[in-house]
$ cat entry-v8.pdb   # PDB, C-alpha atoms and all ligand atoms
ATOM      1  CA  MET A   1      51.674  82.738  94.266  1.00  0.00           C
ATOM      2  CA  HIS A   2      54.567  80.568  95.557  1.00  0.00           C
ATOM      3  CA  LYS A   3      52.432  77.405  95.230  1.00  0.00           C
ATOM      4  CA  PHE A   4      51.969  78.188  91.576  1.00  0.00           C
ATOM      5  CA  LEU A   5      55.640  78.882  90.955  1.00  0.00           C
ATOM      6  CA  LYS A   6      56.550  75.561  92.625  1.00  0.00           C
ATOM      7  CA  GLN A   7      54.181  73.666  90.293  1.00  0.00           C
ATOM      8  CA  PHE A   8      55.567  75.561  87.305  1.00  0.00           C
ATOM      9  CA  ILE A   9      59.132  74.547  88.214  1.00  0.00           C
ATOM     10  CA  THR A  10      58.069  70.895  88.664  1.00  0.00           C
ATOM     11  CA  HIS A  11      55.691  70.632  85.662  1.00  0.00           C
ATOM     12  CA  PRO A  12      56.397  73.583  83.322  1.00  0.00           C
ATOM     13  CA  ARG A  13      54.768  72.021  80.248  1.00  0.00           C
ATOM     14  CA  LYS A  14      51.559  71.215  82.075  1.00  0.00           C
ATOM     15  CA  THR A  15      51.244  74.324  84.227  1.00  0.00           C
ATOM     16  CA  GLY A  16      52.086  76.917  81.588  1.00  0.00           C
ATOM     17  CA  ALA A  17      52.201  79.904  83.968  1.00  0.00           C
ATOM     18  CA  VAL A  18      54.426  81.144  86.775  1.00  0.00           C
ATOM     19  CA  ALA A  19      51.603  82.788  88.707  1.00  0.00           C
ATOM     20  CA  ALA A  20      47.886  82.327  89.230  1.00  0.00           C
ATOM     21  CA  SER A  21      45.597  84.635  87.250  1.00  0.00           C
ATOM     22  CA  SER A  22      44.559  87.905  88.875  1.00  0.00           C
ATOM     23  CA  LYS A  23      41.087  88.644  90.221  1.00  0.00           C
ATOM     24  CA  HIS A  24      40.803  91.183  87.370  1.00  0.00           C
ATOM     25  CA  LEU A  25      41.211  88.463  84.733  1.00  0.00           C
ATOM     26  CA  ALA A  26      38.810  86.224  86.689  1.00  0.00           C
ATOM     27  CA  ARG A  27      36.200  89.035  86.749  1.00  0.00           C
ATOM     28  CA  SER A  28      36.680  89.683  83.059  1.00  0.00           C
ATOM     29  CA  ILE A  29      36.247  86.034  82.010  1.00  0.00           C
ATOM     30  CA  VAL A  30      33.111  85.640  84.137  1.00  0.00           C
ATOM     31  CA  ALA A  31      31.668  88.929  82.846  1.00  0.00           C
ATOM     32  CA  THR A  32      32.320  87.856  79.230  1.00  0.00           C
ATOM     33  CA  ALA A  33      30.568  84.490  79.641  1.00  0.00           C
ATOM     34  CA  ASN A  34      26.763  84.312  79.597  1.00  0.00           C
ATOM     35  CA  LEU A  35      26.604  82.498  82.897  1.00  0.00           C
ATOM     36  CA  ALA A  36      23.163  83.839  83.821  1.00  0.00           C
ATOM     37  CA  GLN A  37      21.597  81.649  81.113  1.00  0.00           C
ATOM     38  CA  ALA A  38      23.805  78.606  81.641  1.00  0.00           C
ATOM     39  CA  ARG A  39      22.537  75.326  83.040  1.00  0.00           C
ATOM     40  CA  VAL A  40      25.745  73.345  82.757  1.00  0.00           C
ATOM     41  CA  VAL A  41      29.179  74.971  83.141  1.00  0.00           C
ATOM     42  CA  VAL A  42      32.588  73.267  83.111  1.00  0.00           C
ATOM     43  CA  GLU A  43      35.962  74.732  84.042  1.00  0.00           C
ATOM     44  CA  LEU A  44      39.169  73.238  82.640  1.00  0.00           C
ATOM     45  CA  GLY A  45      42.450  73.668  84.540  1.00  0.00           C
ATOM     46  CA  PRO A  46      41.293  75.589  87.644  1.00  0.00           C
ATOM     47  CA  GLY A  47      44.791  75.696  89.195  1.00  0.00           C
ATOM     48  CA  THR A  48      44.348  77.279  92.629  1.00  0.00           C
ATOM     49  CA  GLY A  49      40.691  78.176  91.983  1.00  0.00           C
ATOM     50  CA  VAL A  50      40.837  81.901  91.132  1.00  0.00           C
ATOM     51  CA  PHE A  51      38.267  81.538  88.318  1.00  0.00           C
ATOM     52  CA  THR A  52      36.327  78.827  90.175  1.00  0.00           C
ATOM     53  CA  GLU A  53      35.505  81.234  92.991  1.00  0.00           C
ATOM     54  CA  LYS A  54      34.111  83.832  90.562  1.00  0.00           C
ATOM     55  CA  ILE A  55      32.215  81.246  88.481  1.00  0.00           C
ATOM     56  CA  LEU A  56      30.478  79.944  91.605  1.00  0.00           C
ATOM     57  CA  GLN A  57      29.459  83.503  92.555  1.00  0.00           C
ATOM     58  CA  HIS A  58      27.734  83.962  89.164  1.00  0.00           C
ATOM     59  CA  LEU A  59      26.342  80.474  88.606  1.00  0.00           C
ATOM     60  CA  PRO A  60      22.512  80.380  88.400  1.00  0.00           C
ATOM     61  CA  ARG A  61      20.776  78.416  91.145  1.00  0.00           C
ATOM     62  CA  GLY A  62      20.445  74.742  90.208  1.00  0.00           C
ATOM     63  CA  ALA A  63      23.094  74.861  87.475  1.00  0.00           C
ATOM     64  CA  VAL A  64      25.542  71.961  87.178  1.00  0.00           C
ATOM     65  CA  PHE A  65      29.193  72.893  87.630  1.00  0.00           C
ATOM     66  CA  PHE A  66      32.401  70.894  87.808  1.00  0.00           C
ATOM     67  CA  ALA A  67      36.081  71.430  87.108  1.00  0.00           C
ATOM     68  CA  LEU A  68      38.710  69.088  85.653  1.00  0.00           C
ATOM     69  CA  GLU A  69      42.296  69.498  86.809  1.00  0.00           C
ATOM     70  CA  LEU A  70      45.265  67.290  85.900  1.00  0.00           C
ATOM     71  CA  ASN A  71      47.615  68.264  88.735  1.00  0.00           C
ATOM     72  CA  PRO A  72      46.669  66.632  92.096  1.00  0.00           C
ATOM     73  CA  GLY A  73      48.252  69.494  94.061  1.00  0.00           C
ATOM     74  CA  PHE A  74      46.012  71.985  92.245  1.00  0.00           C
ATOM     75  CA  VAL A  75      42.954  69.755  92.741  1.00  0.00           C
ATOM     76  CA  ALA A  76      43.577  69.996  96.494  1.00  0.00           C
ATOM     77  CA  GLU A  77      44.147  73.772  96.263  1.00  0.00           C
ATOM     78  CA  THR A  78      40.902  74.423  94.382  1.00  0.00           C
ATOM     79  CA  ARG A  79      38.929  72.196  96.765  1.00  0.00           C
ATOM     80  CA  LYS A  80      40.413  74.089  99.719  1.00  0.00           C
ATOM     81  CA  HIS A  81      39.762  77.505  98.149  1.00  0.00           C
ATOM     82  CA  CYS A  82      36.231  76.593  96.953  1.00  0.00           C
ATOM     83  CA  PRO A  83      34.857  73.829  99.218  1.00  0.00           C
ATOM     84  CA  THR A  84      31.480  73.768  97.436  1.00  0.00           C
ATOM     85  CA  ALA A  85      33.011  73.172  93.996  1.00  0.00           C
ATOM     86  CA  THR A  86      33.122  69.709  92.434  1.00  0.00           C
ATOM     87  CA  VAL A  87      36.688  69.216  91.212  1.00  0.00           C
ATOM     88  CA  TYR A  88      37.740  66.015  89.468  1.00  0.00           C
ATOM     89  CA  HIS A  89      41.340  64.919  89.147  1.00  0.00           C
ATOM     90  CA  ASP A  90      41.402  64.135  85.445  1.00  0.00           C
ATOM     91  CA  SER A  91      42.289  65.532  82.053  1.00  0.00           C
ATOM     92  CA  ALA A  92      40.037  67.890  80.140  1.00  0.00           C
ATOM     93  CA  LEU A  93      40.104  65.184  77.448  1.00  0.00           C
ATOM     94  CA  HIS A  94      37.574  63.213  79.523  1.00  0.00           C
ATOM     95  CA  ILE A  95      34.984  65.990  79.876  1.00  0.00           C
ATOM     96  CA  LYS A  96      32.256  63.888  78.227  1.00  0.00           C
ATOM     97  CA  LYS A  97      32.586  61.122  80.836  1.00  0.00           C
ATOM     98  CA  TYR A  98      31.924  63.613  83.665  1.00  0.00           C
ATOM     99  CA  LEU A  99      29.025  65.295  81.863  1.00  0.00           C
ATOM    100  CA  ARG A 100      27.384  61.854  81.626  1.00  0.00           C
ATOM    101  CA  GLN A 101      28.045  61.237  85.326  1.00  0.00           C
ATOM    102  CA  HIS A 102      26.054  64.426  85.947  1.00  0.00           C
ATOM    103  CA  GLY A 103      23.227  63.103  83.747  1.00  0.00           C
ATOM    104  CA  VAL A 104      23.811  65.431  80.771  1.00  0.00           C
ATOM    105  CA  GLU A 105      25.378  65.041  77.326  1.00  0.00           C
ATOM    106  CA  HIS A 106      26.464  68.626  76.696  1.00  0.00           C
ATOM    107  CA  CYS A 107      27.313  71.843  78.514  1.00  0.00           C
ATOM    108  CA  ASP A 108      26.444  75.487  77.775  1.00  0.00           C
ATOM    109  CA  CYS A 109      29.733  77.056  78.757  1.00  0.00           C
ATOM    110  CA  ILE A 110      33.337  75.906  79.073  1.00  0.00           C
ATOM    111  CA  ILE A 111      35.808  78.221  80.800  1.00  0.00           C
ATOM    112  CA  SER A 112      39.338  77.061  80.137  1.00  0.00           C
ATOM    113  CA  SER A 113      42.733  78.028  81.498  1.00  0.00           C
ATOM    114  CA  LEU A 114      44.531  75.231  79.689  1.00  0.00           C
ATOM    115  CA  PRO A 115      48.066  76.300  78.737  1.00  0.00           C
ATOM    116  CA  TRP A 116      47.571  76.043  74.969  1.00  0.00           C
ATOM    117  CA  GLY A 117      50.907  77.681  74.185  1.00  0.00           C
ATOM    118  CA  VAL A 118      52.900  74.816  75.711  1.00  0.00           C
ATOM    119  CA  PHE A 119      50.886  72.081  73.974  1.00  0.00           C
ATOM    120  CA  LYS A 120      51.894  70.488  70.676  1.00  0.00           C
ATOM    121  CA  LYS A 121      49.540  71.121  67.759  1.00  0.00           C
ATOM    122  CA  SER A 122      48.272  67.513  67.957  1.00  0.00           C
ATOM    123  CA  GLN A 123      47.454  67.949  71.675  1.00  0.00           C
ATOM    124  CA  GLN A 124      45.677  71.239  70.964  1.00  0.00           C
ATOM    125  CA  ALA A 125      43.519  69.535  68.325  1.00  0.00           C
ATOM    126  CA  GLU A 126      42.781  66.527  70.549  1.00  0.00           C
ATOM    127  CA  LEU A 127      41.621  68.800  73.391  1.00  0.00           C
ATOM    128  CA  LEU A 128      39.551  70.998  71.068  1.00  0.00           C
ATOM    129  CA  ASP A 129      37.883  67.851  69.671  1.00  0.00           C
ATOM    130  CA  ALA A 130      36.870  66.896  73.215  1.00  0.00           C
ATOM    131  CA  ILE A 131      35.673  70.452  73.918  1.00  0.00           C
ATOM    132  CA  ILE A 132      33.627  70.805  70.751  1.00  0.00           C
ATOM    133  CA  GLY A 133      32.084  67.364  71.360  1.00  0.00           C
ATOM    134  CA  ALA A 134      31.029  68.450  74.849  1.00  0.00           C
ATOM    135  CA  LEU A 135      29.442  71.812  73.951  1.00  0.00           C
ATOM    136  CA  HIS A 136      25.803  72.405  73.081  1.00  0.00           C
ATOM    137  CA  HIS A 137      25.182  73.693  69.568  1.00  0.00           C
ATOM    138  CA  ASN A 138      24.823  77.230  70.955  1.00  0.00           C
ATOM    139  CA  GLY A 139      27.441  76.758  73.633  1.00  0.00           C
ATOM    140  CA  GLU A 140      30.310  79.105  74.333  1.00  0.00           C
ATOM    141  CA  PHE A 141      33.981  78.468  74.971  1.00  0.00           C
ATOM    142  CA  LEU A 142      36.243  80.960  76.746  1.00  0.00           C
ATOM    143  CA  THR A 143      39.972  80.740  77.136  1.00  0.00           C
ATOM    144  CA  PHE A 144      42.697  83.276  77.801  1.00  0.00           C
ATOM    145  CA  THR A 145      46.078  83.960  76.227  1.00  0.00           C
ATOM    146  CA  TYR A 146      49.016  86.008  77.432  1.00  0.00           C
ATOM    147  CA  LEU A 147      49.737  89.031  75.298  1.00  0.00           C
ATOM    148  CA  GLY A 148      53.448  88.242  74.838  1.00  0.00           C
ATOM    149  CA  GLY A 149      52.634  84.583  74.112  1.00  0.00           C
ATOM    150  CA  LEU A 150      51.243  85.611  70.723  1.00  0.00           C
ATOM    151  CA  LEU A 151      54.818  85.727  69.473  1.00  0.00           C
ATOM    152  CA  LEU A 152      55.068  81.955  69.911  1.00  0.00           C
ATOM    153  CA  PRO A 153      54.247  79.813  66.853  1.00  0.00           C
ATOM    154  CA  SER A 154      52.205  77.472  69.090  1.00  0.00           C
ATOM    155  CA  ALA A 155      49.943  80.384  70.110  1.00  0.00           C
ATOM    156  CA  ARG A 156      49.428  81.347  66.460  1.00  0.00           C
ATOM    157  CA  ASP A 157      48.678  77.691  65.589  1.00  0.00           C
ATOM    158  CA  PHE A 158      46.139  77.690  68.403  1.00  0.00           C
ATOM    159  CA  LEU A 159      44.325  80.755  67.076  1.00  0.00           C
ATOM    160  CA  LYS A 160      44.152  79.150  63.604  1.00  0.00           C
ATOM    161  CA  LEU A 161      42.740  76.009  65.180  1.00  0.00           C
ATOM    162  CA  LEU A 162      40.171  77.979  67.175  1.00  0.00           C
ATOM    163  CA  ARG A 163      38.996  79.669  63.985  1.00  0.00           C
ATOM    164  CA  SER A 164      38.641  76.315  62.276  1.00  0.00           C
ATOM    165  CA  TYR A 165      36.548  74.862  65.121  1.00  0.00           C
ATOM    166  CA  PHE A 166      34.337  77.840  65.987  1.00  0.00           C
ATOM    167  CA  MET A 167      32.253  80.068  63.739  1.00  0.00           C
ATOM    168  CA  ILE A 168      32.801  83.083  65.964  1.00  0.00           C
ATOM    169  CA  VAL A 169      36.073  83.858  67.743  1.00  0.00           C
ATOM    170  CA  ARG A 170      36.116  87.246  69.497  1.00  0.00           C
ATOM    171  CA  LYS A 171      38.956  88.794  71.458  1.00  0.00           C
ATOM    172  CA  THR A 172      38.283  90.900  74.558  1.00  0.00           C
ATOM    173  CA  PRO A 173      40.332  93.986  75.395  1.00  0.00           C
ATOM    174  CA  VAL A 174      43.609  93.213  77.175  1.00  0.00           C
ATOM    175  CA  VAL A 175      43.418  92.823  80.952  1.00  0.00           C
ATOM    176  CA  TRP A 176      46.562  94.714  81.958  1.00  0.00           C
ATOM    177  CA  ARG A 177      46.220  93.950  85.647  1.00  0.00           C
ATOM    178  CA  ASN A 178      47.417  90.372  85.264  1.00  0.00           C
ATOM    179  CA  ILE A 179      50.915  88.901  85.238  1.00  0.00           C
ATOM    180  CA  PRO A 180      51.539  88.789  82.346  1.00  0.00           C
ATOM    181  CA  PRO A 181      48.727  90.872  80.732  1.00  0.00           C
ATOM    182  CA  ALA A 182      46.203  88.659  78.986  1.00  0.00           C
ATOM    183  CA  PHE A 183      43.065  88.717  76.869  1.00  0.00           C
ATOM    184  CA  ILE A 184      40.218  86.285  76.389  1.00  0.00           C
ATOM    185  CA  TYR A 185      39.044  84.411  73.310  1.00  0.00           C
ATOM    186  CA  HIS A 186      35.252  84.132  73.411  1.00  0.00           C
ATOM    187  CA  CYS A 187      34.177  81.440  70.961  1.00  0.00           C
ATOM    188  CA  ARG A 188      30.766  80.301  69.799  1.00  0.00           C
ATOM    189  CA  HIS A 189      30.111  76.801  68.604  1.00  0.00           C
ATOM    190  CA  GLY A 190      27.696  77.790  65.807  1.00  0.00           C
ATOM    191  CA  SER A 191      27.241  75.207  63.087  1.00  0.00           C
ATOM    192  CA  ALA A 192      30.809  75.078  61.803  1.00  0.00           C
ATOM    193  CA  ALA A 193      32.300  71.610  61.548  1.00  0.00           C
ATOM    194  CA  PRO A 194      35.995  71.232  62.301  1.00  0.00           C
ATOM    195  CA  VAL A 195      38.035  71.477  59.115  1.00  0.00           C
ATOM    196  CA  LYS A 196      41.199  69.585  58.294  1.00  0.00           C
ATOM    197  CA  HIS A 197      44.286  71.180  59.810  1.00  0.00           C
ATOM    198  CA  ARG A 198      47.434  71.846  57.904  1.00  0.00           C
TER     199      ARG A 198
HETATM  200  C1  LIG B   1      47.880  78.454  83.283  1.00  0.00           C
HETATM  201  S1  LIG B   1      47.322  77.402  84.605  1.00  0.00           S
HETATM  202  C2  LIG B   1      45.836  78.283  85.032  1.00  0.00           C
HETATM  203  C3  LIG B   1      45.310  78.038  86.414  1.00  0.00           C
HETATM  204  C4  LIG B   1      44.186  78.953  86.920  1.00  0.00           C
HETATM  205  N1  LIG B   1      42.921  78.728  86.226  1.00  0.00           N
HETATM  206  C5  LIG B   1      44.540  80.403  86.819  1.00  0.00           C
HETATM  207  O1  LIG B   1      44.096  81.052  85.846  1.00  0.00           O
HETATM  208  O2  LIG B   1      45.251  80.884  87.690  1.00  0.00           O
HETATM  209  C6  LIG B   1      46.807  75.979  83.669  1.00  0.00           C
HETATM  210  C7  LIG B   1      46.130  74.869  84.487  1.00  0.00           C
HETATM  211  O3  LIG B   1      45.698  73.842  83.587  1.00  0.00           O
HETATM  212  C8  LIG B   1      45.992  72.549  84.174  1.00  0.00           C
HETATM  213  N2  LIG B   1      46.043  71.563  83.076  1.00  0.00           N
HETATM  214  C9  LIG B   1      47.004  71.409  82.126  1.00  0.00           C
HETATM  215  N3  LIG B   1      46.657  70.441  81.257  1.00  0.00           N
HETATM  216  C10 LIG B   1      45.427  69.985  81.654  1.00  0.00           C
HETATM  217  C11 LIG B   1      44.525  69.007  81.145  1.00  0.00           C
HETATM  218  N4  LIG B   1      44.804  68.287  80.047  1.00  0.00           N
HETATM  219  N5  LIG B   1      43.355  68.810  81.788  1.00  0.00           N
HETATM  220  C12 LIG B   1      43.036  69.532  82.898  1.00  0.00           C
HETATM  221  N6  LIG B   1      43.851  70.479  83.438  1.00  0.00           N
HETATM  222  C13 LIG B   1      45.027  70.698  82.817  1.00  0.00           C
HETATM  223  C14 LIG B   1      47.315  72.808  84.894  1.00  0.00           C
HETATM  224  O4  LIG B   1      47.582  71.809  85.852  1.00  0.00           O
HETATM  225  C15 LIG B   1      47.054  74.192  85.501  1.00  0.00           C
HETATM  226  O5  LIG B   1      46.373  74.112  86.721  1.00  0.00           O
END
$ encode --input "entry-v8.pdb" --output "structure tokens"
Amino acid sequence: MHKFLKQFITHPRKTGAVAASSKHLARSIVATANLAQARVVVELGPGTGVFTEKILQHLPRGAVFFALELNPGFVAETRKHCPTATVYHDSALHIKKYLRQHGVEHCDCIISSLPWGVFKKSQQAELLDAIIGALHHNGEFLTFTYLGGLLLPSARDFLKLLRSYFMIVRKTPVVWRNIPPAFIYHCRHGSAAPVKHR
């Protein structure tokens, strides 16, 4: 946990959390995703690799998996924690480039821990553009939000944006055994085109 806190103090607006997610939240996000059917899975912002470990445990044999992490310290942490994972040191914005490197155009599932609440609305939209452009038509996108964070205007803007990008946006029950408690948005690409944002 101290490694996380140190990164938060150094890069608060990129890290977005004072502690790594709990194993309970990791289990919940992996159980919500349809990993059994996935052929290509991407994780955004693995941090110290709590979700990465669980994703790898549930990934079908032969499926492509990689993670994109902006913070070099966290890249090293995830690689240490999950030596079989492919972790690139780059922004989630460049997801398409790495899909192509793996010989595919789209992925079936994106599991994100990006700290949406600390991003400006323009950054949120730019990242969601990259995400939507990387997902298969029937792909799924999962991301979590802290319960208390919903009071922030940026978190409300993010939910509006999600609803404008995805046809289906479902919320899971709150995972109380996480600091702070959190829930997951489970979004389906469907056929909705992004609409103009106010
Ligand atoms: C809230 S932490 C979550 C870490 C971990 N998945 C967990 O749940 O414990 C957010 C992570 O997203 C990373 N991050 C922030 N912006 C990013 C970006 N544009 N591309 C990739 N990773 C990013 C941060 O460095 C950090 O590791």
$ residues_around --input "entry-v8.pdb" --residues "stretch 30-45 of chain A" --least-positions-apart "5" --cutoff "6 Å" --atoms "all atoms listed in the file" --output "list in words"
Pro60, Ala63, Val64, Phe65, Phe66, Ala67, Leu68, Glu69, Ala92, Cys107, Asp108, Cys109, Ile110, Ile111, Ser112, Ser113 and Leu114 of chain A
$ closest_residue --input "entry-v8.pdb" --among "A:Tyr88, A:Trp176, A:Phe166, A:Tyr185" --to "A:Thr143" --atoms "all atoms listed in the file"
A:Tyr185
$ atom_distance --input "entry-v8.pdb" --atom1 "atom C5 of ligand LIG 1 (chain B)" --atom2 "atom CA of A:Ser22"
7.8 Å
$ closest_residue --input "entry-v8.pdb" --among "A:His11, A:His189, A:Lys6, A:Lys80" --to "A:Met167" --atoms "all atoms listed in the file"
A:His189
$ residues_near_ligand --input "entry-v8.pdb" --ligand "ligand LIG 1 (chain B)" --cutoff "7 Å" --atoms "all atoms listed in the file" --output "ChimeraX atom specification"
/A:14-17,19-21,44-51,68-71,74,90-93,113-115
$ residues_around --input "entry-v8.pdb" --residues "A:Arg170" --least-positions-apart "5" --cutoff "9 Å" --atoms "all atoms listed in the file" --output "MDAnalysis selection string"
chainID A and resid 184:188
$ closest_residue --input "entry-v8.pdb" --among "A:His102, A:Phe141, A:Leu150, A:Ala155" --to "A:Ile168" --atoms "only C-alpha atoms"
A:Phe141
$ closest_residue --input "entry-v8.pdb" --among "A:Ile55, A:Phe8, A:Gln123, A:His81" --to "A:Ser28" --atoms "only C-alpha atoms"
A:Ile55
$ atom_distance --input "entry-v8.pdb" --atom1 "atom CA of A:Pro72" --atom2 "atom CA of A:Thr86"
13.9 Å
$ atom_distance --input "entry-v8.pdb" --atom1 "atom CA of A:Pro181" --atom2 "atom CA of A:Thr145"
8.7 Å
$ closest_residue --input "entry-v8.pdb" --among "A:Ile179, A:Cys82, A:Phe144, A:Leu135" --to "A:Tyr165" --atoms "all atoms listed in the file"
A:Leu135
$ closest_residue --input "entry-v8.pdb" --among "A:Val104, A:Leu152, A:Leu147, A:Val87" --to "A:Val118" --atoms "all atoms listed in the file"
A:Leu152
$ residues_around --input "entry-v8.pdb" --residues "A:Arg177" --least-positions-apart "6" --cutoff "9 Å" --atoms "all atoms listed in the file" --output "PyMOL selection string"
chain A and resi 22-25
$ resolve_selection --input "entry-v8.pdb" --expression "the PyMOL selection byres (((chain A and resi 129) around 12) and not hetatm)" --output "PyMOL selection string"
chain A and resi 92-96+122-128+130-135+161-162+164-166+189+193-196
$ residues_near_point --input "entry-v8.pdb" --point "(47.9, 77.3, 72.8)" --cutoff "6 Å" --atoms "all atoms listed in the file" --output "list in words"
Trp116, Gly117, Ser154, Ala155 and Phe158 of chain A
$ decode --input "entry-v8.pdb" --residues "stretch 18-35 of chain A" --atoms "N, CA, C and O atoms" --output "short mmCIF file (atom, residue, chain, number, x, y, z; two decimals), in the first residue's frame"
data_model
loop_
_atom_site.label_atom_id
_atom_site.label_comp_id
_atom_site.auth_asym_id
_atom_site.auth_seq_id
_atom_site.Cartn_x
_atom_site.Cartn_y
_atom_site.Cartn_z
N VAL A 18 -5.33 6.61 -3.24
CA VAL A 18 -4.27 6.56 -2.23
C VAL A 18 -3.84 5.12 -1.94
O VAL A 18 -2.81 4.88 -1.33
N ALA A 19 -4.66 4.17 -2.37
CA ALA A 19 -4.34 2.77 -2.10
C ALA A 19 -4.73 1.92 -3.31
O ALA A 19 -5.63 2.28 -4.08
N ALA A 20 -4.05 0.79 -3.45
CA ALA A 20 -4.41 -0.15 -4.51
C ALA A 20 -5.80 -0.71 -4.21
O ALA A 20 -6.23 -0.75 -3.06
N SER A 21 -6.48 -1.17 -5.26
CA SER A 21 -7.80 -1.80 -5.07
C SER A 21 -7.64 -3.09 -4.27
O SER A 21 -6.58 -3.73 -4.29
N SER A 22 -8.73 -3.48 -3.62
CA SER A 22 -8.72 -4.73 -2.84
C SER A 22 -8.91 -5.94 -3.75
O SER A 22 -9.37 -5.81 -4.89
N LYS A 23 -8.59 -7.11 -3.20
CA LYS A 23 -8.83 -8.35 -3.95
C LYS A 23 -10.32 -8.54 -4.19
O LYS A 23 -10.73 -9.17 -5.16
N HIS A 24 -11.16 -7.99 -3.31
CA HIS A 24 -12.62 -8.13 -3.45
C HIS A 24 -13.08 -7.37 -4.70
O HIS A 24 -13.89 -7.88 -5.47
N LEU A 25 -12.55 -6.15 -4.88
CA LEU A 25 -12.93 -5.38 -6.07
C LEU A 25 -12.38 -6.08 -7.33
O LEU A 25 -13.07 -6.15 -8.35
N ALA A 26 -11.16 -6.61 -7.23
CA ALA A 26 -10.56 -7.32 -8.36
C ALA A 26 -11.43 -8.53 -8.74
O ALA A 26 -11.73 -8.75 -9.92
N ARG A 27 -11.89 -9.28 -7.74
CA ARG A 27 -12.74 -10.46 -8.00
C ARG A 27 -14.05 -10.03 -8.65
O ARG A 27 -14.54 -10.65 -9.58
N SER A 28 -14.60 -8.92 -8.15
CA SER A 28 -15.88 -8.46 -8.65
C SER A 28 -15.77 -8.01 -10.12
O SER A 28 -16.64 -8.33 -10.94
N ILE A 29 -14.70 -7.31 -10.46
CA ILE A 29 -14.58 -6.80 -11.84
C ILE A 29 -14.38 -7.97 -12.81
O ILE A 29 -14.96 -8.00 -13.89
N VAL A 30 -13.60 -8.97 -12.37
CA VAL A 30 -13.34 -10.12 -13.24
C VAL A 30 -14.60 -10.99 -13.37
O VAL A 30 -14.89 -11.53 -14.44
N ALA A 31 -15.37 -11.08 -12.29
CA ALA A 31 -16.61 -11.87 -12.34
C ALA A 31 -17.67 -11.17 -13.20
O ALA A 31 -18.53 -11.82 -13.80
N THR A 32 -17.64 -9.85 -13.25
CA THR A 32 -18.63 -9.10 -14.04
C THR A 32 -18.32 -9.20 -15.54
O THR A 32 -19.22 -9.26 -16.37
N ALA A 33 -17.04 -9.22 -15.88
CA ALA A 33 -16.64 -9.30 -17.29
C ALA A 33 -16.91 -10.71 -17.83
O ALA A 33 -16.91 -11.67 -17.08
N ASN A 34 -17.14 -10.78 -19.15
CA ASN A 34 -17.34 -12.10 -19.78
C ASN A 34 -16.01 -12.61 -20.33
O ASN A 34 -15.84 -12.78 -21.53
N LEU A 35 -15.08 -12.83 -19.43
CA LEU A 35 -13.73 -13.18 -19.89
C LEU A 35 -13.68 -14.55 -20.56
O LEU A 35 -12.84 -14.77 -21.43
#
